[in-house]
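J.: Here you go, one structure.
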There are 2 protein chains.
Amino acid sequence: MTVHNLLTNLPACAANSAERIDELLSRPGLRVERIVSTGQASPSGFWYDQAEGEWVVLLSGAAGLRFEHEDYTRLLAPGDCLDIPAHYRHRVEWTAPGTATIWLAVFYSSVSPWPA
Amino acid sequence: MTVHNLLTNLPACAANSAERIDELLSRPGLRVERIVSTGQASPSGFWYDQAEGEWVVLLSGAAGLRFEHEDYTRLLAPGDCLDIPAHYRHRVEWTAPGTATIWLAVFYSSVSPWPA
């Protein structure tokens, strides 16, 4: 029984490095991840198109989240959460520079993860 | 696509009222809840014995968490997270008085939620 802290052990703040992803839990049809952004954004023209649903909450920092079917960018602040259904195309327009934007993401299957 | 904020819309701080539970996501074999404690503790002698696994993170406040198979109480601070397997008997010894202790809990089935 190990306790981890999601707000510590953060990467250095550099927008030109990759986001840091830590898997916190993995079960059939379920995966919980901490994702730490330090100024990164989705590449120009790129849209996430995920086979899994993603329930996500911002724990620190700030981010601009855009959905393809919407014509505006949503500002996410600490505590903000939402459910992104599978195949809802979206992109991260920006994350706050010079600080850690911490996402907690719960990915879940929309089909049974167990063999019939 | 609705954004909620987990750190706002909190109940008044009263230890003699019930904890507040908000269901954030419900899918087969998966349930995400926000639980807000304001000084409550598990009743004397009571142990949670859950059929589901529970991955949980403390978002604010403080709590003392005790497992039956351990002889000490764990202090949980904001950002602390852990996975409580199904049937790991545990209890909340205390939560911070006079403030909101916000838990984010991911409950997951250890058996297939889909019919065979």
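Here, A, B, ... name the chains of the structure tokens in the order displayed, residue numbers run from 1 inside each chain, and ligands are numbered from 1 in the same displayed order.
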Please identify all residues of chain B having at least one atom at most 9 Å from any atom of chain A, considering only C-alpha atoms, and return them as an MDAnalysis selection string.

T.: chainID B and resid 1:8 24:25 27:30 32 55 57 59 76:84 106 108 110 112:116

J.: Tell me, in Å to one decimal, how far CA of Gln40 (chain B) is from CA of Glu52 (chain B).

T.: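 Pair CA of Gln40 (chain B) / CA of Glu52 (chain B) returns 22.4 Å.
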
J.: Grab the CA of Thr95 (chain A) to CA of Gly61 (chain A) distance for me, in Å with one decimal place.

T.: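 About the pair CA of Thr95 (chain A) and CA of Gly61 (chain A): they are 7.6 Å apart.
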
J.: At a cut-off of 6 Å, using only C-alpha atoms, what residues contact Ala86 (chain A)? Leave out same-chain residues fewer than 2 positions from it and give the result as a ChimeraX atom specification.

T.: /A:50-53,88

J.: Using only C-alpha atoms, which of the listed residues (B:Thr73, B:Ser44, B:Ser37, B:Ser17) sits closest to Ile102 (chain B)?

T.: B:Ser37
